[in-house]
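What follows is one structure encoded as C-alpha cells, with my remarks underneath.
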Amino acid sequence: MSRILTFSRRLVHLKNLHDCHPKTQSFLSSFSTSASESAVATASEPKPPYIPPPIGVASTKHAGRAVFALRKIEAGELIHSAKPIVCHPYPSSVHKVCYFCLRRLPNKDNTSGESVSFCSQICEEESKKFYDVEKKANWSKFNEYCRVQGLKYPLLLKRFVCKAISGFVTSAMFDLHQPEKLTSDKICAMKEEFVLLRNTLEDAGIDHEEMSFLTEEWYINSMARIRINAFRVELPVGSYEDLHSSAAASVQGEAAVGNAMYMLPAFYNHDCDPNVNIVWTENVDTKMVALRDIEEGSLFNLVQIFNCLSYSI
C-alpha cells in the first residue's frame, strides 16, 4: 500500500510539473504528442495548443524511471505519439527506406550503390542535421567493422554524434535513460568502436572543439544506454489498431527496417505481460496504444524482445 501511495504522490507532482513549468512542457512536446493533437490544423488555422499525454514519469526502486497512467486508459486508446531522438536504417534496408524517417521507398531494392534516398524534400532538409557532417567522412572502415562484427548500435550512435557535432542535439540527451551493466569484454569491444569512430571523424577534418564531448567514457556510457533502450523499427502496418498483425510481424522479425531511440517510450517498463503496444504506421514516428484497460496509477508495460538481435536481417 505504501508503494502505491508513493507512486500516486509522484504522479500528482509530475502532473503539476506539466501544468506549471513551460520548459518541461516544451521538452516533452519535442518528442511526444497527445492523442488529441493528431488532428493537426490546416494552413489557415492556428496549431492547436500542446496537451500533455495522460502519463507521468517517476523513479522506481528496481526499474529506474517508469511511466504511469494519470487517468484510466481505455483498451485501444492512443496514449501518445513519439518522435525519435535518433534513428538509423539497417544496412540491408539502407537503399529501401528513406535515410531520414525510414519510410519505405517505392520500387527500391537493396543495391550496392553508395547513395542514399529520401522520401520527400522535407526529410532531405531535416537530414542536414546529421548528413552534412556524415558526408565529410569516409565510413567504409567503420561500416565494414560493424558488418563483420554484426553490430547495429554503433551506426545509431554514429548518427547521433553527427547531430551533436552539428549542434542540433545535446550530447547529454541519453543521460536520463537507464544504462546496461556492461561486462569487461563488452567495454573492450566498445573501446575499439570508439577509436574507429573518432579516427574517422578526425580524418575527415572535423574540428576537435566540435567533438570535444566524444570521449571514450562518453561513448561507452551512451552505448550502455542505447543497448537496452533502442527499439527495432517495424514495417508500417495499415493502421495502429491492427495490433495482432503488427505483433506477429515483430516476433518473426520480418518487418524490421532499422533502430531508433525515443525519449518517453524508453522509460516504459519491459514485461512479458504488456498492456501497451508500440506501433509504426508509415515511418519512424511511433504510436503507443493500450492493449487493454489501464487503471489510473498503473505502470505501462511493453514487450521489448529485439535488443539482442543482430542487424543482419
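Order determines the names: the first chain of the C-alpha cells is A, the second B, and so forth; residues in each chain are numbered 1 upward, and ligands are numbered 1 upward as they are shown.
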
Members of segment 149-292 of chain A assigned strand (DSSP E) by DSSP, as a PyMOL selection string: chain A and resi 231-233+258-262+269-270+276-280+286-290

Create the file for the chosen residues now, containing N, CA and C atoms and written as a compact mmCIF listing (two decimals), in the first residue's frame.
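File produced: selection08.txt:
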```txt
# COMPACT_ATOMS: atom_id res chain seq x y z
N PHE A 231 14.82 0.75 -29.88
CA PHE A 231 13.74 -0.06 -30.42
C PHE A 231 14.05 -0.47 -31.85
N ARG A 232 13.60 -1.66 -32.19
CA ARG A 232 13.65 -2.11 -33.58
C ARG A 232 12.42 -1.57 -34.29
N VAL A 233 12.62 -0.79 -35.32
CA VAL A 233 11.51 -0.16 -36.05
C VAL A 233 10.92 -1.16 -37.03
N GLY A 258 15.13 -0.85 -39.21
CA GLY A 258 16.18 -0.08 -38.56
C GLY A 258 15.96 0.00 -37.07
N ASN A 259 16.76 0.85 -36.42
CA ASN A 259 16.66 1.06 -34.97
C ASN A 259 16.43 2.53 -34.67
N ALA A 260 15.85 2.80 -33.50
CA ALA A 260 15.60 4.18 -33.08
C ALA A 260 15.65 4.28 -31.57
N MET A 261 16.05 5.46 -31.10
CA MET A 261 15.99 5.80 -29.67
C MET A 261 14.91 6.86 -29.49
N TYR A 262 14.02 6.63 -28.52
CA TYR A 262 12.96 7.57 -28.19
C TYR A 262 13.13 8.03 -26.74
N ASN A 269 8.26 0.23 -18.90
CA ASN A 269 8.77 -1.00 -18.31
C ASN A 269 8.69 -2.14 -19.31
N HIS A 270 9.69 -3.03 -19.29
CA HIS A 270 9.70 -4.21 -20.15
C HIS A 270 9.09 -5.38 -19.38
N VAL A 276 0.61 -2.24 -23.19
CA VAL A 276 0.76 -1.22 -24.23
C VAL A 276 1.54 -1.83 -25.40
N ASN A 277 1.16 -1.44 -26.60
CA ASN A 277 1.88 -1.86 -27.80
C ASN A 277 2.47 -0.64 -28.48
N ILE A 278 3.67 -0.80 -29.03
CA ILE A 278 4.30 0.27 -29.80
C ILE A 278 4.13 -0.06 -31.27
N VAL A 279 3.59 0.89 -32.04
CA VAL A 279 3.21 0.63 -33.42
C VAL A 279 3.75 1.72 -34.34
N TRP A 280 4.28 1.30 -35.49
CA TRP A 280 4.72 2.23 -36.53
C TRP A 280 3.74 2.13 -37.70
N THR A 286 6.28 6.88 -33.94
CA THR A 286 5.56 5.74 -33.40
C THR A 286 4.37 6.16 -32.56
N LYS A 287 3.49 5.19 -32.32
CA LYS A 287 2.29 5.42 -31.50
C LYS A 287 2.27 4.38 -30.39
N MET A 288 1.91 4.84 -29.17
CA MET A 288 1.77 3.96 -28.02
C MET A 288 0.28 3.73 -27.81
N VAL A 289 -0.14 2.47 -27.91
CA VAL A 289 -1.56 2.12 -27.90
C VAL A 289 -1.85 1.13 -26.77
N ALA A 290 -2.92 1.37 -26.03
CA ALA A 290 -3.29 0.49 -24.92
C ALA A 290 -3.85 -0.83 -25.45
```

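Distances to Asn221 of chain A were evaluated for A:His208, A:Lys152, A:Lys191, A:Arg198 using only C-alpha atoms, and the minimum falls at A:Lys191.
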
Between atom CA of Val161 of chain A and atom CA of Ser222 of chain A, what is the distance, to one decimal in Å? 10.4 Å

Taken to one decimal, the atom CA of Thr200 of chain A-atom CA of Val257 of chain A distance is 25.4 Å

Based on the backbone DSSP call, show me all residues of segment 50-223 of chain A assigned alpha helix (DSSP H), as a PyMOL selection string. chain A and resi 121-126+128-134+140-149+153-166+184-203+216-223

Considering only C-alpha atoms, can you say which of A:Arg159, A:Arg147, A:Arg103, A:Arg65 comes closest to Lys135 of chain A?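 Answer, going by the shortest atom-to-atom distance: A:Arg159.
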
Separation of atom CA of Cys87 of chain A from atom CA of Phe100 of chain A, in Å and rounded to one decimal: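 Distance reported for this atom pair: 7.7 Å.
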
Would you kindly return, as a PyMOL selection string, each protein, DNA or RNA residue with an atom no farther than 8 Å from any atom of Arg292 of chain A, considering only C-alpha atoms and excluding same-chain residues fewer than 2 positions away? chain A and resi 74-76+275-276+290+294
